[in-house]
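Student: Have a peek at run29.cif (mmCIF, C-alpha atoms; chains and numbers go by the auth columns).
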```
data_model
#
loop_
_atom_site.group_PDB
_atom_site.id
_atom_site.type_symbol
_atom_site.label_atom_id
_atom_site.label_comp_id
_atom_site.label_asym_id
_atom_site.label_seq_id
_atom_site.Cartn_x
_atom_site.Cartn_y
_atom_site.Cartn_z
_atom_site.B_iso_or_equiv
_atom_site.auth_seq_id
_atom_site.auth_asym_id
ATOM 1 C CA GLN A 1 0.000 0.000 0.000 0.00 1 A
ATOM 2 C CA VAL A 2 1.265 3.450 -0.906 0.00 2 A
ATOM 3 C CA GLN A 3 1.485 5.992 1.887 0.00 3 A
ATOM 4 C CA LEU A 4 2.318 9.663 1.528 0.00 4 A
ATOM 5 C CA ALA A 5 3.411 12.070 4.219 0.00 5 A
ATOM 6 C CA GLU A 6 3.812 15.821 3.789 0.00 6 A
ATOM 7 C CA SER A 7 5.962 18.048 5.941 0.00 7 A
ATOM 8 C CA GLY A 8 7.349 21.548 5.926 0.00 8 A
ATOM 9 C CA GLY A 9 4.265 23.665 6.392 0.00 9 A
ATOM 10 C CA GLY A 10 4.094 26.512 8.856 0.00 10 A
ATOM 11 C CA LEU A 11 3.566 30.209 9.374 0.00 11 A
ATOM 12 C CA VAL A 12 5.468 32.631 7.185 0.00 12 A
ATOM 13 C CA GLN A 13 5.234 36.318 6.400 0.00 13 A
ATOM 14 C CA ALA A 14 4.231 37.545 2.976 0.00 14 A
ATOM 15 C CA GLY A 15 7.222 37.497 0.672 0.00 15 A
ATOM 16 C CA GLY A 16 8.782 34.608 2.525 0.00 16 A
ATOM 17 C CA SER A 17 9.451 31.072 1.389 0.00 17 A
ATOM 18 C CA LEU A 18 8.835 27.493 2.429 0.00 18 A
ATOM 19 C CA ARG A 19 9.750 24.079 1.125 0.00 19 A
ATOM 20 C CA LEU A 20 7.256 21.285 1.430 0.00 20 A
ATOM 21 C CA SER A 21 8.294 17.650 1.265 0.00 21 A
ATOM 22 C CA CYS A 22 6.274 14.602 0.326 0.00 22 A
ATOM 23 C CA THR A 23 7.698 11.221 1.206 0.00 23 A
ATOM 24 C CA ILE A 24 6.254 8.072 -0.294 0.00 24 A
ATOM 25 C CA SER A 25 6.529 4.622 1.198 0.00 25 A
ATOM 26 C CA GLY A 26 5.189 1.221 0.353 0.00 26 A
ATOM 27 C CA ARG A 27 6.009 1.060 -3.352 0.00 27 A
ATOM 28 C CA PRO A 28 8.882 2.150 -5.592 0.00 28 A
ATOM 29 C CA PHE A 29 8.688 5.909 -5.757 0.00 29 A
ATOM 30 C CA ASP A 30 9.652 6.142 -9.401 0.00 30 A
ATOM 31 C CA ASN A 31 6.474 4.284 -10.372 0.00 31 A
ATOM 32 C CA TYR A 32 4.425 7.356 -9.529 0.00 32 A
ATOM 33 C CA ALA A 33 3.786 10.836 -10.754 0.00 33 A
ATOM 34 C CA VAL A 34 3.217 13.329 -7.949 0.00 34 A
ATOM 35 C CA GLY A 35 0.783 16.178 -7.756 0.00 35 A
ATOM 36 C CA TRP A 36 0.461 19.005 -5.286 0.00 36 A
ATOM 37 C CA PHE A 37 -2.924 20.470 -4.452 0.00 37 A
ATOM 38 C CA ARG A 38 -4.160 22.941 -1.889 0.00 38 A
ATOM 39 C CA GLN A 39 -7.403 23.761 -0.200 0.00 39 A
ATOM 40 C CA ALA A 40 -8.137 27.060 1.469 0.00 40 A
ATOM 41 C CA PRO A 41 -10.938 27.393 4.038 0.00 41 A
ATOM 42 C CA GLY A 42 -14.298 27.462 2.331 0.00 42 A
ATOM 43 C CA LYS A 43 -12.819 26.795 -1.104 0.00 43 A
ATOM 44 C CA GLU A 44 -12.496 23.806 -3.362 0.00 44 A
ATOM 45 C CA ARG A 45 -9.285 21.867 -3.728 0.00 45 A
ATOM 46 C CA GLU A 46 -7.012 23.569 -6.254 0.00 46 A
ATOM 47 C CA PHE A 47 -4.307 22.129 -8.460 0.00 47 A
ATOM 48 C CA VAL A 48 -0.873 23.570 -7.677 0.00 48 A
ATOM 49 C CA ALA A 49 1.777 21.571 -9.524 0.00 49 A
ATOM 50 C CA THR A 50 2.696 18.155 -10.801 0.00 50 A
ATOM 51 C CA ILE A 51 5.851 16.293 -11.705 0.00 51 A
ATOM 52 C CA SER A 52 6.185 13.169 -13.782 0.00 52 A
ATOM 53 C CA TRP A 53 7.741 9.981 -12.488 0.00 53 A
ATOM 54 C CA SER A 54 11.072 10.826 -14.116 0.00 54 A
ATOM 55 C CA GLY A 55 11.035 14.466 -13.077 0.00 55 A
ATOM 56 C CA ARG A 56 11.349 15.623 -16.665 0.00 56 A
ATOM 57 C CA GLY A 57 7.738 16.764 -16.932 0.00 57 A
ATOM 58 C CA THR A 58 6.364 19.530 -14.717 0.00 58 A
ATOM 59 C CA TYR A 59 3.322 21.751 -14.858 0.00 59 A
ATOM 60 C CA TYR A 60 1.973 24.518 -12.636 0.00 60 A
ATOM 61 C CA GLY A 61 -1.312 26.143 -11.864 0.00 61 A
ATOM 62 C CA ASP A 62 -1.631 29.725 -13.049 0.00 62 A
ATOM 63 C CA ALA A 63 -1.736 31.096 -9.510 0.00 63 A
ATOM 64 C CA VAL A 64 1.723 29.793 -8.656 0.00 64 A
ATOM 65 C CA LYS A 65 3.653 29.947 -11.923 0.00 65 A
ATOM 66 C CA GLY A 66 6.964 31.664 -11.476 0.00 66 A
ATOM 67 C CA ARG A 67 6.839 31.383 -7.681 0.00 67 A
ATOM 68 C CA PHE A 68 6.663 27.647 -6.983 0.00 68 A
ATOM 69 C CA LEU A 69 9.019 24.921 -8.125 0.00 69 A
ATOM 70 C CA VAL A 70 8.252 21.201 -7.998 0.00 70 A
ATOM 71 C CA SER A 71 11.038 18.639 -7.945 0.00 71 A
ATOM 72 C CA ARG A 72 11.741 15.104 -6.815 0.00 72 A
ATOM 73 C CA ASP A 73 14.561 12.909 -5.631 0.00 73 A
ATOM 74 C CA ASN A 74 13.711 9.325 -6.472 0.00 74 A
ATOM 75 C CA GLY A 75 16.669 8.101 -4.466 0.00 75 A
ATOM 76 C CA LYS A 76 15.096 9.622 -1.361 0.00 76 A
ATOM 77 C CA ASN A 77 11.493 8.709 -2.235 0.00 77 A
ATOM 78 C CA THR A 78 10.639 12.363 -1.817 0.00 78 A
ATOM 79 C CA ALA A 79 9.039 15.105 -3.843 0.00 79 A
ATOM 80 C CA TYR A 80 9.386 18.781 -3.020 0.00 80 A
ATOM 81 C CA LEU A 81 7.437 21.969 -3.517 0.00 81 A
ATOM 82 C CA GLU A 82 9.631 25.035 -3.189 0.00 82 A
ATOM 83 C CA MET A 83 7.506 28.142 -2.627 0.00 83 A
ATOM 84 C CA ILE A 84 8.902 31.661 -2.816 0.00 84 A
ATOM 85 C CA ASN A 85 7.340 35.120 -2.678 0.00 85 A
ATOM 86 C CA LEU A 86 4.451 33.701 -0.722 0.00 86 A
ATOM 87 C CA LYS A 87 1.231 35.690 -0.538 0.00 87 A
ATOM 88 C CA PRO A 88 -1.673 35.589 1.900 0.00 88 A
ATOM 89 C CA ILE A 89 -3.785 33.983 -0.846 0.00 89 A
ATOM 90 C CA ASP A 90 -1.417 31.000 -0.707 0.00 90 A
ATOM 91 C CA THR A 91 -2.731 30.181 2.759 0.00 91 A
ATOM 92 C CA ALA A 92 -4.168 26.667 2.596 0.00 92 A
ATOM 93 C CA VAL A 93 -3.664 23.061 3.505 0.00 93 A
ATOM 94 C CA TYR A 94 -1.286 21.581 0.959 0.00 94 A
ATOM 95 C CA TYR A 95 -1.622 17.971 -0.114 0.00 95 A
ATOM 96 C CA CYS A 96 0.599 15.750 -2.159 0.00 96 A
ATOM 97 C CA ALA A 97 -0.899 12.977 -4.207 0.00 97 A
ATOM 98 C CA ALA A 98 0.418 10.139 -6.323 0.00 98 A
ATOM 99 C CA ARG A 99 -0.775 8.255 -9.379 0.00 99 A
ATOM 100 C CA PRO A 100 0.897 5.450 -11.306 0.00 100 A
ATOM 101 C CA HIS A 101 2.786 6.853 -14.267 0.00 101 A
ATOM 102 C CA SER A 102 0.965 6.606 -17.547 0.00 102 A
ATOM 103 C CA MET A 103 1.004 7.890 -21.097 0.00 103 A
ATOM 104 C CA LYS A 104 -0.551 11.089 -19.812 0.00 104 A
ATOM 105 C CA VAL A 105 2.495 12.804 -18.402 0.00 105 A
ATOM 106 C CA ILE A 106 0.686 15.794 -16.901 0.00 106 A
ATOM 107 C CA GLU A 107 -2.498 15.454 -14.859 0.00 107 A
ATOM 108 C CA THR A 108 -4.227 18.326 -13.080 0.00 108 A
ATOM 109 C CA GLU A 109 -7.438 16.605 -11.988 0.00 109 A
ATOM 110 C CA ALA A 110 -7.460 15.563 -8.343 0.00 110 A
ATOM 111 C CA SER A 111 -9.774 12.655 -9.109 0.00 111 A
ATOM 112 C CA GLU A 112 -7.066 11.018 -11.215 0.00 112 A
ATOM 113 C CA TYR A 113 -4.723 10.623 -8.255 0.00 113 A
ATOM 114 C CA ASP A 114 -5.016 7.407 -6.285 0.00 114 A
ATOM 115 C CA TYR A 115 -3.119 8.172 -3.116 0.00 115 A
ATOM 116 C CA TRP A 116 -3.133 11.218 -0.863 0.00 116 A
ATOM 117 C CA GLY A 117 -1.273 12.499 2.135 0.00 117 A
ATOM 118 C CA GLN A 118 -2.883 14.049 5.181 0.00 118 A
ATOM 119 C CA GLY A 119 -1.855 17.561 4.239 0.00 119 A
ATOM 120 C CA THR A 120 0.347 20.220 5.763 0.00 120 A
ATOM 121 C CA LYS A 121 -0.906 23.669 6.656 0.00 121 A
ATOM 122 C CA VAL A 122 0.678 26.782 5.225 0.00 122 A
ATOM 123 C CA THR A 123 -0.282 30.151 6.640 0.00 123 A
ATOM 124 C CA VAL A 124 0.993 33.359 5.075 0.00 124 A
ATOM 125 C CA SER A 125 0.526 36.497 7.122 0.00 125 A
ATOM 126 C CA SER A 126 0.323 39.955 5.610 0.00 126 A
#
```
Output the file's structure as structure tokens, nothing else.

Tutor:
Amino acid sequence: QVQLAESGGGLVQAGGSLRLSCTISGRPFDNYAVGWFRQAPGKEREFVATISWSGRGTYYGDAVKGRFLVSRDNGKNTAYLEMINLKPIDTAVYYCAARPHSMKVIETEASEYDYWGQGTKVTVSS
């Protein structure tokens, strides 16, 4: 069974940065593409970024392009979301998710991901 665990959330001032980590256990990490999503209070879950199983394919939501960077280290079974120039609108619970790699390299729909972490909270103060 695949298990995901996020870490790295916290409280940061606007303009600051954070790095989230997502560690996968239970199956070979390089079998899975990873997606990052977030959910703010009272809002629907929003796609943030995704990275293919090899790391060569990445894609970002419009709200975070140019500020967030997704990466992975298959040797460490970990994916990362580097966030810079954070804004109060980035405040949310951030989730990582995994899906078996497929012909569709980039996937932005949450429903297409099979496994989810518990989430890590990011709060950006103004």

Student: Using only C-alpha atoms, find the one residue out of A:Val93, A:Glu112, A:Ser102, A:Val70 that sits nearest to A:Ser7.

Tutor: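 Of A:Val93, A:Glu112, A:Ser102, A:Val70, the one nearest A:Ser7, counting only C-alpha atoms, is A:Val93.
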
Student: Convert the output of the PyMOL selection byres ((chain A and resi 11) around 8) on the shown file into explicit residues, formatted as a list of chain:residue names.

Tutor: A:Gly9, A:Gly10, A:Val12, A:Gln13, A:Val122, A:Thr123, A:Val124, A:Ser125

Student: Where does the PyMOL selection byres ((chain A and resi 25) around 7) land in this file, that is, which residues does it pick, as a list of chain:residue names?

Tutor: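 That expression, the PyMOL selection byres ((chain A and resi 25) around 7), corresponds here to A:Val2, A:Gln3, A:Leu4, A:Thr23, A:Ile24, A:Gly26, A:Arg27.
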
Student: So which residues touch A:Gln118 within 9 Å, counting all atoms listed in the file, skipping near sequence neighbours fewer than 4 positions away, as a list in words?

Tutor: Leu4, Ala5, Glu6, Tyr94, Tyr95 and Cys96 of chain A

Student: For the structure shown, which residues end up in the PyMOL selection byres ((chain A and resi 35) around 7)? Put them as a PDB file with C-alpha atoms, in the coordinates of the input, please?

Tutor:
```pdb
ATOM      1  CA  ALA A  33       3.786  10.836 -10.754  1.00  0.00           C
ATOM      2  CA  VAL A  34       3.217  13.329  -7.949  1.00  0.00           C
ATOM      3  CA  TRP A  36       0.461  19.005  -5.286  1.00  0.00           C
ATOM      4  CA  PHE A  37      -2.924  20.470  -4.452  1.00  0.00           C
ATOM      5  CA  ALA A  49       1.777  21.571  -9.524  1.00  0.00           C
ATOM      6  CA  THR A  50       2.696  18.155 -10.801  1.00  0.00           C
ATOM      7  CA  ILE A  51       5.851  16.293 -11.705  1.00  0.00           C
ATOM      8  CA  CYS A  96       0.599  15.750  -2.159  1.00  0.00           C
ATOM      9  CA  ALA A  97      -0.899  12.977  -4.207  1.00  0.00           C
ATOM     10  CA  ALA A  98       0.418  10.139  -6.323  1.00  0.00           C
TER      11      ALA A  98
END
```

Student: Of the residues A:Pro28, A:Ser71, A:Ser17, A:Asn77, which is the one nearest to A:Gly57, using all atoms listed in the file?

Tutor: A:Ser71

Student: Hey, which of A:Arg99, A:Gly42, A:Gly66, A:Phe47 ends up closest to A:Met83? Count all atoms listed in the file.

Tutor: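 Smallest separation from A:Met83 among the options: A:Gly66.
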
Student: Nearest to A:Thr58: which of A:Asn74, A:Asn31, A:Thr108, A:Ser21 is it, counting all atoms listed in the file?

Tutor: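 Using all atoms listed in the file, A:Thr58 sits closest to A:Thr108.
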
Student: What is the distance between atom CA of A:Ala79 and atom CA of A:Cys22, in Å to one decimal?

Tutor: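 Computing it gives 5.0 Å between the two atoms.
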
Student: Centre and edge lengths of an axis-aligned box around all listed atoms of stretch 74-92 of chain A, with 6 Å added on each side, are to be given in Å to one decimal, as lines of an AutoDock Vina configuration file.

Tutor:
```
center_x = 6.3
center_y = 21.9
center_z = -1.9
size_x = 32.8
size_y = 39.6
size_z = 21.2
```

Student: So, counting all atoms listed in the file, which residue among A:Glu107, A:Asp90, A:Glu46, A:Asp30 is closest to A:Arg67?

Tutor: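 Ranked by minimum distance to A:Arg67, first place goes to A:Asp90.
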
Student: Provide the atom CA of A:Val105 to atom CA of A:Trp53 distance in Å, to one decimal place.

Tutor: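 Pair atom CA of A:Val105 / atom CA of A:Trp53 returns 8.4 Å.
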
Student: How many Å separate atom CA of A:Thr91 from atom CA of A:Tyr60?

Tutor: 17.1 Å

Student: So which one's closest to A:Gln39, A:Leu18, A:Ile89, A:His101, A:Lys76? Using all atoms listed in the file, please.

Tutor: A:Ile89
